[in-house]
Structures are given as C-alpha cells and as structure tokens.
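Asks: Would you mind keeping the following structure in view while I ask a few things?
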Amino acid sequence: VFIDKNDHIYTADYRNGRILVWDPFQKTPSRILPVPLFEYTDIFVDQRGDIYFEHGNESGRIDKWPMFSNRSFLVAKFDHNCYGLFI
C-alpha cells in the first residue's frame, strides 16, 4: 500500500496482476493498471504520480508506469528481487 501527498491510495494486487488506485473518499478504484507483479513487490509513487514496481515476469526488473500512459516500461534491472522501493 502507498498513499501519496494528495491521499490517493495505491495497492499492488499480486494475485490478480494489477495495481489499484483510489481517489480520496472513494469506495471503488479510479484506475486499474494491468501489470504482472512479483509476489512481494513494493510500489512507490513519485510526486508526478508515476508508479514504480517490480515486474513479475523478470526477477529484479523495476518498471515505471507514467501517470498519463497506458503501459509501463523498464527503468532498472538488478540481479535479485527487490523487496522494497524508494525513489
């Protein structure tokens, strides 16, 4: 779970392969991003709303989903899984 400075809530739903984003005071997600996630992935959201996460199909691969994009892309690659992210 990640909460940004504007009180948006971001959750990594590993079992269903998606990141869910809730706007403040809403009961249903405002965005559902289909992404393969690593089982223990952590997510981090920067000040622009870009989401960083460990891609589930490749160990140690960190992807970025830009705020106004319809897909993610590779930004870093490590030899092992990442169990926490901070940008």
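Numbering starts fresh at 1 for the residues of each chain in the structure tokens, the chains themselves are lettered A, B, ... in the order given, and ligands are numbered from 1 as they appear.
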With only C-alpha atoms as the counted atoms, please give the residues lying no more than 9 Å from Asp13 of chain A, apart from itself and same-chain residues fewer than 6 positions off, as a list in words.
Replies: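 What passes the distance filter is Ile19, Leu20 and Leu37 of chain A.
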Asks: Might you pull out every residue within 9 Å of Asp50 of chain A, with only C-alpha atoms counted and same-chain residues fewer than 2 positions away left off, and present them as an NGL selection string?
Replies: :A and (44-48 or 52 or 64-68)
Asks: Selection from above, all heavy atoms, as an mmCIF file, in the first residue's frame, can you write it?
Replies:
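Dumped everything to out_13.cif:
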```
data_model
loop_
_atom_site.group_PDB
_atom_site.id
_atom_site.type_symbol
_atom_site.label_atom_id
_atom_site.label_comp_id
_atom_site.auth_asym_id
_atom_site.auth_seq_id
_atom_site.Cartn_x
_atom_site.Cartn_y
_atom_site.Cartn_z
ATOM 1 N N PHE A 44 6.066 2.333 -5.352
ATOM 2 C CA PHE A 44 6.406 3.689 -4.940
ATOM 3 C C PHE A 44 5.833 4.637 -5.982
ATOM 4 O O PHE A 44 5.919 4.364 -7.176
ATOM 5 C CB PHE A 44 7.921 3.881 -4.846
ATOM 6 C CG PHE A 44 8.295 5.238 -4.312
ATOM 7 C CD1 PHE A 44 8.396 5.449 -2.956
ATOM 8 C CD2 PHE A 44 8.506 6.296 -5.171
ATOM 9 C CE1 PHE A 44 8.711 6.697 -2.458
ATOM 10 C CE2 PHE A 44 8.825 7.550 -4.682
ATOM 11 C CZ PHE A 44 8.934 7.755 -3.327
ATOM 12 N N VAL A 45 5.253 5.742 -5.534
ATOM 13 C CA VAL A 45 4.664 6.724 -6.432
ATOM 14 C C VAL A 45 5.381 8.054 -6.213
ATOM 15 O O VAL A 45 5.480 8.525 -5.073
ATOM 16 C CB VAL A 45 3.150 6.881 -6.172
ATOM 17 C CG1 VAL A 45 2.539 7.864 -7.158
ATOM 18 C CG2 VAL A 45 2.458 5.522 -6.259
ATOM 19 N N ASP A 46 5.894 8.635 -7.300
ATOM 20 C CA ASP A 46 6.598 9.907 -7.163
ATOM 21 C C ASP A 46 5.614 11.078 -7.161
ATOM 22 O O ASP A 46 4.400 10.890 -7.257
ATOM 23 C CB ASP A 46 7.693 10.064 -8.223
ATOM 24 C CG ASP A 46 7.168 10.196 -9.646
ATOM 25 O OD1 ASP A 46 5.966 10.484 -9.842
ATOM 26 O OD2 ASP A 46 7.972 10.037 -10.580
ATOM 27 N N GLN A 47 6.132 12.288 -7.054
ATOM 28 C CA GLN A 47 5.285 13.474 -6.932
ATOM 29 C C GLN A 47 4.441 13.741 -8.174
ATOM 30 O O GLN A 47 3.409 14.400 -8.097
ATOM 31 C CB GLN A 47 6.135 14.700 -6.606
ATOM 32 C CG GLN A 47 6.710 14.624 -5.215
ATOM 33 C CD GLN A 47 7.486 15.878 -4.855
ATOM 34 O OE1 GLN A 47 7.522 16.842 -5.599
ATOM 35 N NE2 GLN A 47 8.116 15.854 -3.701
ATOM 36 N N ARG A 48 4.866 13.243 -9.338
ATOM 37 C CA ARG A 48 4.086 13.418 -10.572
ATOM 38 C C ARG A 48 2.995 12.375 -10.723
ATOM 39 O O ARG A 48 2.168 12.455 -11.623
ATOM 40 C CB ARG A 48 5.014 13.373 -11.787
ATOM 41 C CG ARG A 48 5.970 14.530 -11.861
ATOM 42 C CD ARG A 48 6.783 14.426 -13.111
ATOM 43 N NE ARG A 48 7.435 13.113 -13.149
ATOM 44 C CZ ARG A 48 8.669 12.900 -13.551
ATOM 45 N NH1 ARG A 48 9.388 13.886 -13.981
ATOM 46 N NH2 ARG A 48 9.185 11.699 -13.556
ATOM 47 N N TYR A 52 6.200 3.110 -9.638
ATOM 48 C CA TYR A 52 7.330 2.199 -9.808
ATOM 49 C C TYR A 52 7.009 0.896 -9.094
ATOM 50 O O TYR A 52 6.481 0.904 -7.979
ATOM 51 C CB TYR A 52 8.598 2.805 -9.209
ATOM 52 C CG TYR A 52 9.047 4.066 -9.905
ATOM 53 C CD1 TYR A 52 8.475 5.292 -9.604
ATOM 54 C CD2 TYR A 52 10.045 4.012 -10.871
ATOM 55 C CE1 TYR A 52 8.884 6.454 -10.241
ATOM 56 C CE2 TYR A 52 10.462 5.176 -11.520
ATOM 57 C CZ TYR A 52 9.875 6.380 -11.194
ATOM 58 O OH TYR A 52 10.280 7.518 -11.845
ATOM 59 N N LYS A 64 8.294 1.399 -14.589
ATOM 60 C CA LYS A 64 7.636 2.659 -14.260
ATOM 61 C C LYS A 64 6.381 2.772 -15.117
ATOM 62 O O LYS A 64 6.426 2.542 -16.328
ATOM 63 C CB LYS A 64 8.580 3.820 -14.580
ATOM 64 C CG LYS A 64 7.967 5.197 -14.462
ATOM 65 C CD LYS A 64 9.006 6.242 -14.877
ATOM 66 C CE LYS A 64 8.451 7.613 -14.953
ATOM 67 N NZ LYS A 64 9.474 8.594 -15.363
ATOM 68 N N TRP A 65 5.258 3.103 -14.475
ATOM 69 C CA TRP A 65 4.012 3.370 -15.192
ATOM 70 C C TRP A 65 3.755 4.869 -15.048
ATOM 71 O O TRP A 65 3.300 5.332 -14.000
ATOM 72 C CB TRP A 65 2.859 2.572 -14.610
ATOM 73 C CG TRP A 65 1.623 2.628 -15.466
ATOM 74 C CD1 TRP A 65 0.917 3.741 -15.815
ATOM 75 C CD2 TRP A 65 0.962 1.538 -16.096
ATOM 76 N NE1 TRP A 65 -0.142 3.412 -16.614
ATOM 77 C CE2 TRP A 65 -0.135 2.062 -16.809
ATOM 78 C CE3 TRP A 65 1.192 0.170 -16.132
ATOM 79 C CZ2 TRP A 65 -1.006 1.264 -17.539
ATOM 80 C CZ3 TRP A 65 0.324 -0.611 -16.859
ATOM 81 C CH2 TRP A 65 -0.758 -0.072 -17.558
ATOM 82 N N PRO A 66 4.058 5.649 -16.092
ATOM 83 C CA PRO A 66 3.841 7.095 -16.006
ATOM 84 C C PRO A 66 2.362 7.436 -15.824
ATOM 85 O O PRO A 66 1.483 6.720 -16.301
ATOM 86 C CB PRO A 66 4.355 7.619 -17.350
ATOM 87 C CG PRO A 66 5.294 6.553 -17.833
ATOM 88 C CD PRO A 66 4.697 5.264 -17.344
ATOM 89 N N MET A 67 2.111 8.539 -15.167
ATOM 90 C CA MET A 67 0.757 8.972 -14.827
ATOM 91 C C MET A 67 -0.172 8.995 -16.039
ATOM 92 O O MET A 67 -1.295 8.540 -15.977
ATOM 93 C CB MET A 67 0.828 10.347 -14.169
ATOM 94 C CG MET A 67 -0.512 10.947 -13.850
ATOM 95 S SD MET A 67 -1.374 9.968 -12.633
ATOM 96 C CE MET A 67 -2.478 11.160 -11.991
ATOM 97 N N PHE A 68 0.283 9.535 -17.154
ATOM 98 C CA PHE A 68 -0.585 9.688 -18.326
ATOM 99 C C PHE A 68 -0.204 8.722 -19.443
ATOM 100 O O PHE A 68 -0.161 9.093 -20.607
ATOM 101 C CB PHE A 68 -0.552 11.140 -18.816
ATOM 102 C CG PHE A 68 -1.055 12.104 -17.783
ATOM 103 C CD1 PHE A 68 -0.178 12.914 -17.085
ATOM 104 C CD2 PHE A 68 -2.407 12.161 -17.463
ATOM 105 C CE1 PHE A 68 -0.643 13.789 -16.113
ATOM 106 C CE2 PHE A 68 -2.878 13.025 -16.499
ATOM 107 C CZ PHE A 68 -1.989 13.853 -15.816
#
```
Asks: For each of A:Pro36, A:Pro24, A:Gly49, A:Gly60, take the minimum atom-to-atom distance to Phe78 of chain A, counting only C-alpha atoms, then give the residue where this is smallest.
Replies: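 Closest to Phe78 of chain A of all the choices is A:Gly60.
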Asks: Distance atom CA of Tyr14 of chain A-atom CA of Phe38 of chain A, one decimal place?
Replies: 6.9 Å
Asks: As a PyMOL selection string, list the residues of chain A assigned to strand (DSSP E) by DSSP on the backbone atoms of this structure.
Replies: chain A and resi 2-3+9-13+18-22+31-34+43-45+51-54+61-65+73-77
